[in-house]
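Engineer: Here you go, one structure.
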Amino acid sequence: MVFIGGLGRSGTTLLERLLGEVPGVAPLGEVVHLWERGVIGKEPCGCGEPFTSCPFWRRVGIRAFGGWSTGLADRVLTLRRRVDRTRHIPALAARRCRVGLSGYTRAYSRVYEAAAQVAGGRVVVDSSKHASLAFCLRTSPVVDMSVVHVVRDPRAVAYSWRKQITRPEDGTPMTRWPPLWTAVHWLVQNLAFELLARRGGTVIRVRYEDLMADPPAVMQALLARLGLGGVELTFLRPGVAELSVAHTCAGNPMRFAAGPLELSRDDNWCDRQPRLHRWLVTALTWPLMLQYGYRPRDRRTPESACAPWLTAGVAAQECR
């Protein structure tokens with residue numbers, strides 16, 4: 001299982017969609033939200049069908065649990081509130097067992113195994129993003145997990161979180177965060193994945209900026225690190241990715257995209273972000289920004305001076 005981690009609005013959904021076009025790889029969306037938004041809320045799958053009506057997910061539910069039910073979802077959500085919290089990461093990192101943890105991870109492992117069987121693939125991708133879930137899954141003896149840690153300039157992330165975006169599922173506005181809140185979350189989530197790497201987890205870092213600068217090169221390097229190298233990325237053309245329909249259970253609106261998708265880097269924050277917001281985010285995040293190759297005094301991050309910029313754990317490659 002490939003777990004895509006990082007703060008939202010960092011390019012995690014895009015990377016999942018690109019990985020999902022690789023033969024033998026099945027993208028599942030944000031499985032952490034499957035229980036509430038899919039099983040209970042019956043929100044649409046990436047294919048457009050309601051979750052419980054989607055043939056793919058219906059077969060997954062039967063294989064994994066004998067069928068989906070609100071009772072099952074309620075039990076998993078109860079366990080999630082008990083064990084899957086950012087504040088529990090230190091205990092999870094120290095492998096201190098929490099009551100209900102094994103039952104919680106068992107539900108996910110059943111979903112992954114059933115999805116792989118139904119999709120006929122050997123790898124599934126969960127883009128849940130949350131570091132706390134990655135730490136929980138790391139304790140499972142049956143989940144073979146590699147983490148792809150996606151990072152993006154925190155100023156760009158903060159600008160994106162202030163945008164007004166409508167959820168295509170129901171027309172409601174997506175959550176918006178002020179710059180201070182985004183900066184704190186960016187720090188906490190990224191530091192948590194650094195901790196996971198220090199604790200021996202398989203963590204591969206990918207920068208959004210490098211992915212946009214040279215998608216084929218970054219994808220080939222990433223696939224090689226994941227043991228999936230040697231495949232032709234026929235779905236990638238200069239500046240465009242050809243996407244097929246994906247059965248993703250939750251995520252941002254890009255999960256509904258099918259057909260040609262323009263691959264262009266979003267740098268609108270450079271010109272439109274208020275100076276106060278930019279400097280506030282920089283002041284709070286600059287040590288980690290430097291580690292990830294971002295320059296606090298630059299309004300625009302270089303296209304990619306050392307792409308593909310992929311690192312394992314906390315070891316960083318310096319731009320030359």
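Residues in the structure tokens are named by chain (A, B, ... in the order shown) and by number from 1 within that chain; ligands are numbered from 1 in the order shown.
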Would you list, as a PyMOL selection string, the residues of segment 37-210 of chain A that end up in helix (DSSP H, G or I) under DSSP run on this structure's backbone?

Structural biologist: chain A and resi 37-40+51-53+55-65+70-83+86-93+101-119+131-138+154-161+179-198+208-210

Engineer: For segment 104-186 of chain A against segment 263-284 of chain A, with a cut-off of 10 Å and counting only C-alpha atoms, what is the closest atom pair and its distance in Å to one decimal for every residue that makes the cut, ordered by chain and number, as CSV?

Structural biologist:
residue,atom,partner,partner_atom,distance
A:Asp153,CA,A:Thr282,CA,9.6
A:Pro154,CA,A:Val281,CA,6.9
A:Arg155,CA,A:Arg278,CA,5.9
A:Ala156,CA,A:Trp269,CA,5.6
A:Val157,CA,A:Trp269,CA,8.8
A:Ala158,CA,A:Val281,CA,7.6
A:Tyr159,CA,A:Trp269,CA,5.8
A:Ser160,CA,A:Trp269,CA,8.0
A:Arg162,CA,A:Gln273,CA,9.7
A:Pro178,CA,A:His277,CA,8.8
A:Pro179,CA,A:His277,CA,6.1
A:Leu180,CA,A:Val281,CA,6.7
A:Trp181,CA,A:Val281,CA,9.4
A:Thr182,CA,A:Val281,CA,8.1
A:Ala183,CA,A:Val281,CA,5.5
A:Val184,CA,A:Leu284,CA,7.6
A:Trp186,CA,A:Val281,CA,9.6

Engineer: For the selection you just gave me, I'd like the residues written to a file as a compact mmCIF listing (two decimals), in the first residue's frame, keeping all heavy atoms.

Structural biologist:
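Okay, this is what ended up in selection_24.txt:
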# COMPACT_ATOMS: atom_id res chain seq x y z
N ASP A 153 5.49 24.70 -1.11
CA ASP A 153 5.81 25.96 -0.45
C ASP A 153 4.64 26.36 0.45
O ASP A 153 3.50 26.47 -0.02
CB ASP A 153 6.06 27.04 -1.51
CG ASP A 153 6.64 28.31 -0.94
OD1 ASP A 153 6.10 28.81 0.07
OD2 ASP A 153 7.64 28.81 -1.50
N PRO A 154 4.88 26.57 1.75
CA PRO A 154 3.76 26.85 2.67
C PRO A 154 3.01 28.13 2.32
O PRO A 154 1.83 28.25 2.65
CB PRO A 154 4.45 26.95 4.03
CG PRO A 154 5.88 27.29 3.73
CD PRO A 154 6.18 26.56 2.46
N ARG A 155 3.65 29.08 1.67
CA ARG A 155 2.95 30.30 1.28
C ARG A 155 1.91 30.00 0.20
O ARG A 155 0.81 30.55 0.22
CB ARG A 155 3.97 31.34 0.80
CG ARG A 155 4.93 31.79 1.90
CD ARG A 155 6.17 32.45 1.35
NE ARG A 155 7.00 31.49 0.61
CZ ARG A 155 8.23 31.78 0.16
NH1 ARG A 155 8.76 32.96 0.41
NH2 ARG A 155 8.91 30.87 -0.51
N ALA A 156 2.26 29.10 -0.71
CA ALA A 156 1.30 28.69 -1.74
C ALA A 156 0.16 27.90 -1.11
O ALA A 156 -1.01 28.06 -1.49
CB ALA A 156 2.01 27.85 -2.80
N VAL A 157 0.49 27.06 -0.14
CA VAL A 157 -0.54 26.27 0.54
C VAL A 157 -1.50 27.18 1.29
O VAL A 157 -2.72 27.01 1.25
CB VAL A 157 0.11 25.24 1.49
CG1 VAL A 157 -0.96 24.48 2.26
CG2 VAL A 157 0.98 24.27 0.71
N ALA A 158 -0.94 28.18 1.99
CA ALA A 158 -1.78 29.11 2.75
C ALA A 158 -2.70 29.90 1.83
O ALA A 158 -3.87 30.14 2.15
CB ALA A 158 -0.89 30.05 3.56
N TYR A 159 -2.19 30.30 0.67
CA TYR A 159 -3.01 31.03 -0.29
C TYR A 159 -4.16 30.14 -0.79
O TYR A 159 -5.31 30.59 -0.91
CB TYR A 159 -2.16 31.49 -1.46
CG TYR A 159 -2.94 32.20 -2.54
CD1 TYR A 159 -3.36 33.51 -2.39
CD2 TYR A 159 -3.26 31.52 -3.72
CE1 TYR A 159 -4.10 34.14 -3.39
CE2 TYR A 159 -3.99 32.15 -4.72
CZ TYR A 159 -4.40 33.45 -4.56
OH TYR A 159 -5.13 34.08 -5.53
N SER A 160 -3.85 28.87 -1.05
CA SER A 160 -4.87 27.95 -1.55
C SER A 160 -5.97 27.71 -0.52
O SER A 160 -7.15 27.59 -0.88
CB SER A 160 -4.22 26.63 -1.97
OG SER A 160 -5.18 25.74 -2.50
N ARG A 162 -7.20 29.69 1.50
CA ARG A 162 -8.10 30.84 1.63
C ARG A 162 -9.07 30.95 0.45
O ARG A 162 -10.00 31.76 0.48
CB ARG A 162 -7.30 32.14 1.75
CG ARG A 162 -6.52 32.27 3.03
CD ARG A 162 -5.95 33.68 3.21
NE ARG A 162 -6.99 34.66 3.49
CZ ARG A 162 -7.32 35.67 2.69
NH1 ARG A 162 -6.70 35.82 1.53
NH2 ARG A 162 -8.26 36.53 3.03
N PRO A 178 -7.42 30.41 7.83
CA PRO A 178 -6.60 31.62 7.80
C PRO A 178 -5.12 31.23 7.73
O PRO A 178 -4.74 30.11 8.04
CB PRO A 178 -6.94 32.31 9.13
CG PRO A 178 -7.37 31.19 10.03
CD PRO A 178 -8.05 30.19 9.14
N PRO A 179 -4.25 32.14 7.29
CA PRO A 179 -2.82 31.82 7.13
C PRO A 179 -2.17 31.27 8.38
O PRO A 179 -1.35 30.34 8.29
CB PRO A 179 -2.21 33.16 6.72
CG PRO A 179 -3.33 33.92 6.10
CD PRO A 179 -4.56 33.51 6.84
N LEU A 180 -2.49 31.82 9.55
CA LEU A 180 -1.88 31.32 10.78
C LEU A 180 -2.20 29.86 11.00
O LEU A 180 -1.32 29.04 11.33
CB LEU A 180 -2.36 32.16 11.97
CG LEU A 180 -1.91 31.68 13.36
CD1 LEU A 180 -0.40 31.73 13.47
CD2 LEU A 180 -2.57 32.53 14.45
N TRP A 181 -3.45 29.49 10.82
CA TRP A 181 -3.88 28.11 11.03
C TRP A 181 -3.21 27.17 10.03
O TRP A 181 -2.78 26.08 10.37
CB TRP A 181 -5.40 28.05 10.90
CG TRP A 181 -6.05 26.80 11.39
CD1 TRP A 181 -6.82 25.95 10.66
CD2 TRP A 181 -6.03 26.25 12.71
NE1 TRP A 181 -7.29 24.91 11.44
CE2 TRP A 181 -6.81 25.07 12.70
CE3 TRP A 181 -5.42 26.65 13.91
CZ2 TRP A 181 -6.99 24.28 13.83
CZ3 TRP A 181 -5.60 25.87 15.04
CH2 TRP A 181 -6.37 24.71 15.00
N THR A 182 -3.11 27.61 8.78
CA THR A 182 -2.45 26.80 7.76
C THR A 182 -0.98 26.58 8.09
O THR A 182 -0.46 25.47 7.96
CB THR A 182 -2.56 27.47 6.38
OG1 THR A 182 -3.94 27.66 6.05
CG2 THR A 182 -1.92 26.61 5.30
N ALA A 183 -0.29 27.65 8.51
CA ALA A 183 1.14 27.53 8.83
C ALA A 183 1.37 26.52 9.95
O ALA A 183 2.30 25.71 9.89
CB ALA A 183 1.70 28.90 9.22
N VAL A 184 0.53 26.57 10.98
CA VAL A 184 0.68 25.63 12.10
C VAL A 184 0.44 24.19 11.62
O VAL A 184 1.21 23.28 11.95
CB VAL A 184 -0.30 26.00 13.23
CG1 VAL A 184 -0.31 24.91 14.30
CG2 VAL A 184 0.09 27.33 13.86
N TRP A 186 0.75 23.05 8.56
CA TRP A 186 1.84 22.68 7.65
C TRP A 186 3.04 22.19 8.46
O TRP A 186 3.65 21.17 8.12
CB TRP A 186 2.21 23.89 6.80
CG TRP A 186 3.18 23.62 5.69
CD1 TRP A 186 2.89 23.25 4.41
CD2 TRP A 186 4.61 23.73 5.75
NE1 TRP A 186 4.05 23.11 3.67
CE2 TRP A 186 5.11 23.40 4.46
CE3 TRP A 186 5.51 24.08 6.76
CZ2 TRP A 186 6.47 23.41 4.17
CZ3 TRP A 186 6.88 24.08 6.47
CH2 TRP A 186 7.34 23.76 5.19

Engineer: With a distance cut-off of 12 Å and only C-alpha atoms, select the neighbouring residues of Ser53 of chain A, excluding the residue or stretch itself and same-chain residues fewer than 3 positions from it, and output the selection as a short mmCIF file (atom, residue, chain, number, x, y, z; two decimals) with C-alpha atoms, in the first residue's frame.

Structural biologist:
data_model
loop_
_atom_site.label_atom_id
_atom_site.label_comp_id
_atom_site.auth_asym_id
_atom_site.auth_seq_id
_atom_site.Cartn_x
_atom_site.Cartn_y
_atom_site.Cartn_z
CA GLY A 38 -19.03 7.09 1.59
CA VAL A 39 -20.81 4.49 3.70
CA LYS A 42 -23.37 8.02 0.26
CA GLU A 43 -21.33 10.72 -1.48
CA PRO A 44 -20.30 10.02 -5.09
CA CYS A 45 -17.37 7.84 -6.00
CA CYS A 47 -16.79 7.51 -11.18
CA GLY A 48 -19.86 9.63 -10.40
CA GLU A 49 -22.03 6.88 -8.87
CA PRO A 50 -23.10 7.10 -5.22
CA PHE A 56 -16.30 -1.38 -7.57
CA TRP A 57 -16.93 -0.33 -3.98
CA ARG A 58 -19.91 -2.65 -3.61
CA ARG A 59 -17.67 -5.61 -4.47
CA VAL A 60 -14.95 -4.31 -2.14
CA GLY A 61 -17.43 -4.09 0.73
CA GLY A 67 -21.18 -5.67 2.71
CA TRP A 68 -21.13 -2.06 3.89
CA HIS A 247 -12.91 4.88 -8.13
CA CYS A 249 -14.00 7.45 -2.33
#

Engineer: Could you pull the residues within 9 Å of Pro215 of chain A, counting only C-alpha atoms, minus those fewer than 4 positions along the same chain, as a PyMOL selection string?

Structural biologist: chain A and resi 210-211+219-220+236+238-239+263+308

Engineer: What would the file look like if the residues just selected were written as a PDB file, in the first residue's frame with all heavy atoms?

Structural biologist:
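Resulting contents of again.pdb:
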ATOM      1  N   ASP A 210       8.610  20.354  -8.089  1.00  0.00           N
ATOM      2  CA  ASP A 210       9.394  19.496  -8.965  1.00  0.00           C
ATOM      3  C   ASP A 210       8.490  18.625  -9.830  1.00  0.00           C
ATOM      4  O   ASP A 210       8.791  18.373 -10.998  1.00  0.00           O
ATOM      5  CB  ASP A 210      10.337  18.616  -8.140  1.00  0.00           C
ATOM      6  CG  ASP A 210      11.381  19.430  -7.395  1.00  0.00           C
ATOM      7  OD1 ASP A 210      11.767  20.498  -7.886  1.00  0.00           O
ATOM      8  OD2 ASP A 210      11.799  19.000  -6.311  1.00  0.00           O
ATOM      9  N   LEU A 211       7.397  18.153  -9.246  1.00  0.00           N
ATOM     10  CA  LEU A 211       6.451  17.339 -10.004  1.00  0.00           C
ATOM     11  C   LEU A 211       5.891  18.132 -11.173  1.00  0.00           C
ATOM     12  O   LEU A 211       5.751  17.618 -12.289  1.00  0.00           O
ATOM     13  CB  LEU A 211       5.320  16.867  -9.091  1.00  0.00           C
ATOM     14  CG  LEU A 211       4.220  16.032  -9.742  1.00  0.00           C
ATOM     15  CD1 LEU A 211       4.782  14.727 -10.285  1.00  0.00           C
ATOM     16  CD2 LEU A 211       3.102  15.757  -8.745  1.00  0.00           C
ATOM     17  N   MET A 219       7.981  11.220 -11.740  1.00  0.00           N
ATOM     18  CA  MET A 219       7.199   9.996 -11.638  1.00  0.00           C
ATOM     19  C   MET A 219       8.075   8.755 -11.816  1.00  0.00           C
ATOM     20  O   MET A 219       7.938   7.776 -11.078  1.00  0.00           O
ATOM     21  CB  MET A 219       6.079  10.004 -12.677  1.00  0.00           C
ATOM     22  CG  MET A 219       4.931  10.944 -12.360  1.00  0.00           C
ATOM     23  SD  MET A 219       3.995  10.419 -10.895  1.00  0.00           S
ATOM     24  CE  MET A 219       3.288   8.880 -11.485  1.00  0.00           C
ATOM     25  N   GLN A 220       8.979   8.770 -12.782  1.00  0.00           N
ATOM     26  CA  GLN A 220       9.857   7.620 -12.986  1.00  0.00           C
ATOM     27  C   GLN A 220      10.746   7.395 -11.774  1.00  0.00           C
ATOM     28  O   GLN A 220      10.950   6.244 -11.352  1.00  0.00           O
ATOM     29  CB  GLN A 220      10.717   7.825 -14.243  1.00  0.00           C
ATOM     30  CG  GLN A 220       9.966   7.714 -15.562  1.00  0.00           C
ATOM     31  CD  GLN A 220       9.583   6.278 -15.908  1.00  0.00           C
ATOM     32  OE1 GLN A 220       9.694   5.371 -15.077  1.00  0.00           O
ATOM     33  NE2 GLN A 220       9.121   6.069 -17.126  1.00  0.00           N
ATOM     34  N   LEU A 236       1.286  10.390 -19.977  1.00  0.00           N
ATOM     35  CA  LEU A 236       1.872  11.715 -19.825  1.00  0.00           C
ATOM     36  C   LEU A 236       2.370  12.236 -21.163  1.00  0.00           C
ATOM     37  O   LEU A 236       3.122  11.560 -21.875  1.00  0.00           O
ATOM     38  CB  LEU A 236       3.038  11.675 -18.835  1.00  0.00           C
ATOM     39  CG  LEU A 236       2.695  11.590 -17.339  1.00  0.00           C
ATOM     40  CD1 LEU A 236       3.959  11.510 -16.513  1.00  0.00           C
ATOM     41  CD2 LEU A 236       1.849  12.793 -16.908  1.00  0.00           C
ATOM     42  N   PRO A 238       3.694  16.236 -22.957  1.00  0.00           N
ATOM     43  CA  PRO A 238       4.201  17.527 -22.499  1.00  0.00           C
ATOM     44  C   PRO A 238       3.082  18.437 -21.980  1.00  0.00           C
ATOM     45  O   PRO A 238       2.207  18.872 -22.736  1.00  0.00           O
ATOM     46  CB  PRO A 238       4.862  18.118 -23.748  1.00  0.00           C
ATOM     47  CG  PRO A 238       5.296  16.910 -24.513  1.00  0.00           C
ATOM     48  CD  PRO A 238       4.214  15.892 -24.297  1.00  0.00           C
ATOM     49  N   GLY A 239       3.084  18.676 -20.682  1.00  0.00           N
ATOM     50  CA  GLY A 239       2.113  19.575 -20.072  1.00  0.00           C
ATOM     51  C   GLY A 239       0.727  19.013 -19.887  1.00  0.00           C
ATOM     52  O   GLY A 239      -0.179  19.732 -19.434  1.00  0.00           O
ATOM     53  N   LEU A 263      -1.202  20.076 -16.854  1.00  0.00           N
ATOM     54  CA  LEU A 263      -0.269  20.054 -15.734  1.00  0.00           C
ATOM     55  C   LEU A 263       0.495  21.371 -15.720  1.00  0.00           C
ATOM     56  O   LEU A 263       1.510  21.533 -16.402  1.00  0.00           O
ATOM     57  CB  LEU A 263       0.704  18.872 -15.855  1.00  0.00           C
ATOM     58  CG  LEU A 263       0.067  17.482 -15.860  1.00  0.00           C
ATOM     59  CD1 LEU A 263       1.134  16.408 -16.038  1.00  0.00           C
ATOM     60  CD2 LEU A 263      -0.718  17.241 -14.574  1.00  0.00           C
ATOM     61  N   PRO A 308      14.728  15.592 -10.480  1.00  0.00           N
ATOM     62  CA  PRO A 308      13.681  15.272  -9.519  1.00  0.00           C
ATOM     63  C   PRO A 308      14.205  15.305  -8.092  1.00  0.00           C
ATOM     64  O   PRO A 308      15.228  14.710  -7.798  1.00  0.00           O
ATOM     65  CB  PRO A 308      13.249  13.857  -9.905  1.00  0.00           C
ATOM     66  CG  PRO A 308      14.472  13.266 -10.512  1.00  0.00           C
ATOM     67  CD  PRO A 308      15.191  14.391 -11.210  1.00  0.00           C
TER      68      PRO A 308
END

Engineer: May I ask for the distance between atom CA of Asp84 of chain A and atom CA of Ser132 of chain A, given in Å to one decimal place?

Structural biologist: 5.7 Å

Engineer: Residues near Leu226 of chain A, anyone? I mean within 12 Å using only C-alpha atoms, not counting same-chain ones fewer than 6 positions away, as a PyMOL selection string.

Structural biologist: chain A and resi 1-3+19+25+123-125+144-148+202-205+219-220+310+312

Engineer: Store the residues picked out above, limited to all heavy atoms, as a compact mmCIF listing (two decimals), in the first residue's frame.

Structural biologist:
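Generated file (selection-v3.txt):
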# COMPACT_ATOMS: atom_id res chain seq x y z
N MET A 1 0.84 -1.19 0.00
CA MET A 1 0.00 0.00 0.00
C MET A 1 0.88 1.24 0.00
O MET A 1 1.84 1.33 0.76
CB MET A 1 -0.91 0.00 1.23
CG MET A 1 -1.96 1.09 1.25
SD MET A 1 -1.42 2.63 2.01
CE MET A 1 -1.33 2.14 3.72
N VAL A 2 0.54 2.19 -0.87
CA VAL A 2 1.22 3.47 -0.91
C VAL A 2 0.33 4.49 -0.22
O VAL A 2 -0.83 4.68 -0.61
CB VAL A 2 1.52 3.92 -2.36
CG1 VAL A 2 2.10 5.33 -2.37
CG2 VAL A 2 2.48 2.94 -3.02
N PHE A 3 0.85 5.12 0.81
CA PHE A 3 0.10 6.13 1.56
C PHE A 3 0.66 7.50 1.17
O PHE A 3 1.84 7.77 1.37
CB PHE A 3 0.27 5.90 3.06
CG PHE A 3 -0.55 6.81 3.92
CD1 PHE A 3 -1.79 6.42 4.40
CD2 PHE A 3 -0.08 8.08 4.28
CE1 PHE A 3 -2.55 7.25 5.21
CE2 PHE A 3 -0.83 8.93 5.07
CZ PHE A 3 -2.07 8.51 5.54
N LEU A 19 -0.41 8.41 -10.19
CA LEU A 19 -0.03 7.04 -9.81
C LEU A 19 -1.10 6.05 -10.25
O LEU A 19 -0.80 4.92 -10.64
CB LEU A 19 0.19 6.94 -8.30
CG LEU A 19 1.49 7.53 -7.75
CD1 LEU A 19 1.46 7.54 -6.24
CD2 LEU A 19 2.70 6.74 -8.25
N VAL A 25 -1.74 -0.35 -10.45
CA VAL A 25 -1.92 0.53 -9.29
C VAL A 25 -3.38 0.98 -9.24
O VAL A 25 -3.93 1.45 -10.25
CB VAL A 25 -0.99 1.75 -9.37
CG1 VAL A 25 -1.24 2.69 -8.18
CG2 VAL A 25 0.47 1.31 -9.40
N VAL A 123 -0.86 -3.00 -6.15
CA VAL A 123 -0.62 -1.84 -5.28
C VAL A 123 -1.89 -1.01 -5.20
O VAL A 123 -2.53 -0.77 -6.22
CB VAL A 123 0.54 -0.96 -5.81
CG1 VAL A 123 0.72 0.28 -4.94
CG2 VAL A 123 1.84 -1.75 -5.87
N VAL A 124 -2.24 -0.59 -3.99
CA VAL A 124 -3.33 0.36 -3.83
C VAL A 124 -2.75 1.65 -3.25
O VAL A 124 -1.74 1.63 -2.55
CB VAL A 124 -4.45 -0.17 -2.91
CG1 VAL A 124 -5.15 -1.37 -3.53
CG2 VAL A 124 -3.92 -0.52 -1.53
N VAL A 125 -3.40 2.77 -3.56
CA VAL A 125 -2.94 4.08 -3.10
C VAL A 125 -4.02 4.70 -2.23
O VAL A 125 -5.17 4.85 -2.66
CB VAL A 125 -2.62 5.02 -4.27
CG1 VAL A 125 -2.12 6.37 -3.76
CG2 VAL A 125 -1.59 4.38 -5.20
N ASP A 144 1.74 -3.55 4.33
CA ASP A 144 3.08 -3.24 3.82
C ASP A 144 3.01 -1.84 3.23
O ASP A 144 2.60 -1.67 2.08
CB ASP A 144 3.50 -4.27 2.77
CG ASP A 144 4.89 -4.03 2.24
OD1 ASP A 144 5.60 -3.18 2.80
OD2 ASP A 144 5.28 -4.68 1.25
N MET A 145 3.42 -0.85 4.00
CA MET A 145 3.16 0.55 3.64
C MET A 145 4.43 1.30 3.28
O MET A 145 5.42 1.25 4.00
CB MET A 145 2.47 1.27 4.82
CG MET A 145 2.18 2.74 4.57
SD MET A 145 1.32 3.54 5.94
CE MET A 145 2.59 3.48 7.21
N SER A 146 4.36 2.02 2.17
CA SER A 146 5.36 3.02 1.81
C SER A 146 4.66 4.37 1.81
O SER A 146 3.56 4.49 1.26
CB SER A 146 5.95 2.75 0.43
OG SER A 146 6.67 1.53 0.41
N VAL A 147 5.29 5.37 2.40
CA VAL A 147 4.69 6.70 2.49
C VAL A 147 5.35 7.62 1.47
O VAL A 147 6.58 7.70 1.41
CB VAL A 147 4.85 7.29 3.91
CG1 VAL A 147 4.36 8.74 3.94
CG2 VAL A 147 4.08 6.45 4.93
N VAL A 148 4.53 8.29 0.68
CA VAL A 148 5.02 9.34 -0.20
C VAL A 148 4.61 10.66 0.43
O VAL A 148 3.42 10.99 0.52
CB VAL A 148 4.44 9.21 -1.62
CG1 VAL A 148 4.94 10.37 -2.49
CG2 VAL A 148 4.82 7.88 -2.24
N THR A 202 9.26 3.82 5.82
CA THR A 202 9.67 4.11 4.44
C THR A 202 8.96 5.37 3.99
O THR A 202 7.76 5.38 3.75
CB THR A 202 9.31 2.94 3.50
OG1 THR A 202 9.95 1.75 3.95
CG2 THR A 202 9.74 3.25 2.08
N VAL A 203 9.71 6.47 3.91
CA VAL A 203 9.14 7.78 3.57
C VAL A 203 9.92 8.37 2.41
O VAL A 203 11.14 8.54 2.49
CB VAL A 203 9.18 8.73 4.78
CG1 VAL A 203 8.57 10.08 4.41
CG2 VAL A 203 8.46 8.14 5.98
N ILE A 204 9.22 8.67 1.33
CA ILE A 204 9.82 9.25 0.13
C ILE A 204 9.21 10.63 -0.06
O ILE A 204 7.99 10.76 -0.15
CB ILE A 204 9.55 8.38 -1.11
CG1 ILE A 204 10.00 6.94 -0.87
CG2 ILE A 204 10.24 8.96 -2.34
CD1 ILE A 204 9.47 5.96 -1.90
N ARG A 205 10.04 11.64 -0.12
CA ARG A 205 9.54 13.01 -0.20
C ARG A 205 9.50 13.47 -1.65
O ARG A 205 10.44 13.27 -2.41
CB ARG A 205 10.42 13.95 0.61
CG ARG A 205 9.83 15.36 0.78
CD ARG A 205 10.83 16.29 1.46
NE ARG A 205 11.31 15.70 2.69
CZ ARG A 205 12.57 15.83 3.12
NH1 ARG A 205 13.46 16.49 2.40
NH2 ARG A 205 12.94 15.29 4.26
N MET A 219 7.98 11.22 -11.74
CA MET A 219 7.20 10.00 -11.64
C MET A 219 8.08 8.76 -11.82
O MET A 219 7.94 7.78 -11.08
CB MET A 219 6.08 10.00 -12.68
CG MET A 219 4.93 10.94 -12.36
SD MET A 219 3.99 10.42 -10.89
CE MET A 219 3.29 8.88 -11.48
N GLN A 220 8.98 8.77 -12.78
CA GLN A 220 9.86 7.62 -12.99
C GLN A 220 10.75 7.39 -11.77
O GLN A 220 10.95 6.24 -11.35
CB GLN A 220 10.72 7.82 -14.24
CG GLN A 220 9.97 7.71 -15.56
CD GLN A 220 9.58 6.28 -15.91
OE1 GLN A 220 9.69 5.37 -15.08
NE2 GLN A 220 9.12 6.07 -17.13
N LEU A 310 13.69 13.99 -4.96
CA LEU A 310 13.09 12.93 -4.16
C LEU A 310 14.08 12.54 -3.08
O LEU A 310 15.24 12.30 -3.37
CB LEU A 310 12.77 11.70 -5.01
CG LEU A 310 11.73 11.91 -6.11
CD1 LEU A 310 11.64 10.66 -6.95
CD2 LEU A 310 10.39 12.22 -5.49
N ALA A 312 14.66 10.24 0.76
CA ALA A 312 14.13 9.24 1.68
C ALA A 312 14.31 9.76 3.09
O ALA A 312 15.38 10.20 3.48
CB ALA A 312 14.89 7.92 1.52

Engineer: List the spatial neighbours of Gly20 of chain A as a PyMOL selection string - criterion: any atom at most 8 Å away, only C-alpha atoms, same-chain residues fewer than 6 positions off excluded.

Structural biologist: chain A and resi 26-27+125+246

Engineer: Using only C-alpha atoms for the distances, tell me which of A:Phe256, A:Lys129, A:Phe65, A:Ala91 is nearest to Arg110 of chain A.

Structural biologist: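 Of all the options, A:Phe65 lies closest to Arg110 of chain A.
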
Engineer: Just asking: which residues within segment 206-285 of chain A are strand (DSSP E) according to DSSP, as a PyMOL selection string?

Structural biologist: chain A and resi 206-207+236-237+240-243+259-262

Engineer: Check the smallest atom-to-atom distance from each of A:Leu222, A:Ala134, A:Leu233, A:Val143 to Ala197 of chain A using only C-alpha atoms, then report the winner.

Structural biologist: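 Once distances to Ala197 of chain A are computed over only C-alpha atoms, the minimum belongs to A:Ala134.
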
Engineer: For atom CA of Met254 of chain A and atom CA of Ile40 of chain A, determine how far apart the two atoms are, in Å to one decimal place.

Structural biologist: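 That distance, rounded to one decimal, is 22.1 Å.
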
Engineer: Let me make sure I understand: among A:Glu36, A:Val76, A:Leu28, A:Ala131, which one has the smallest atom-to-atom distance to Ala116 of chain A if we use only C-alpha atoms?

Structural biologist: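 Comparing A:Glu36, A:Val76, A:Leu28, A:Ala131 against Ala116 of chain A, the winner is A:Leu28.
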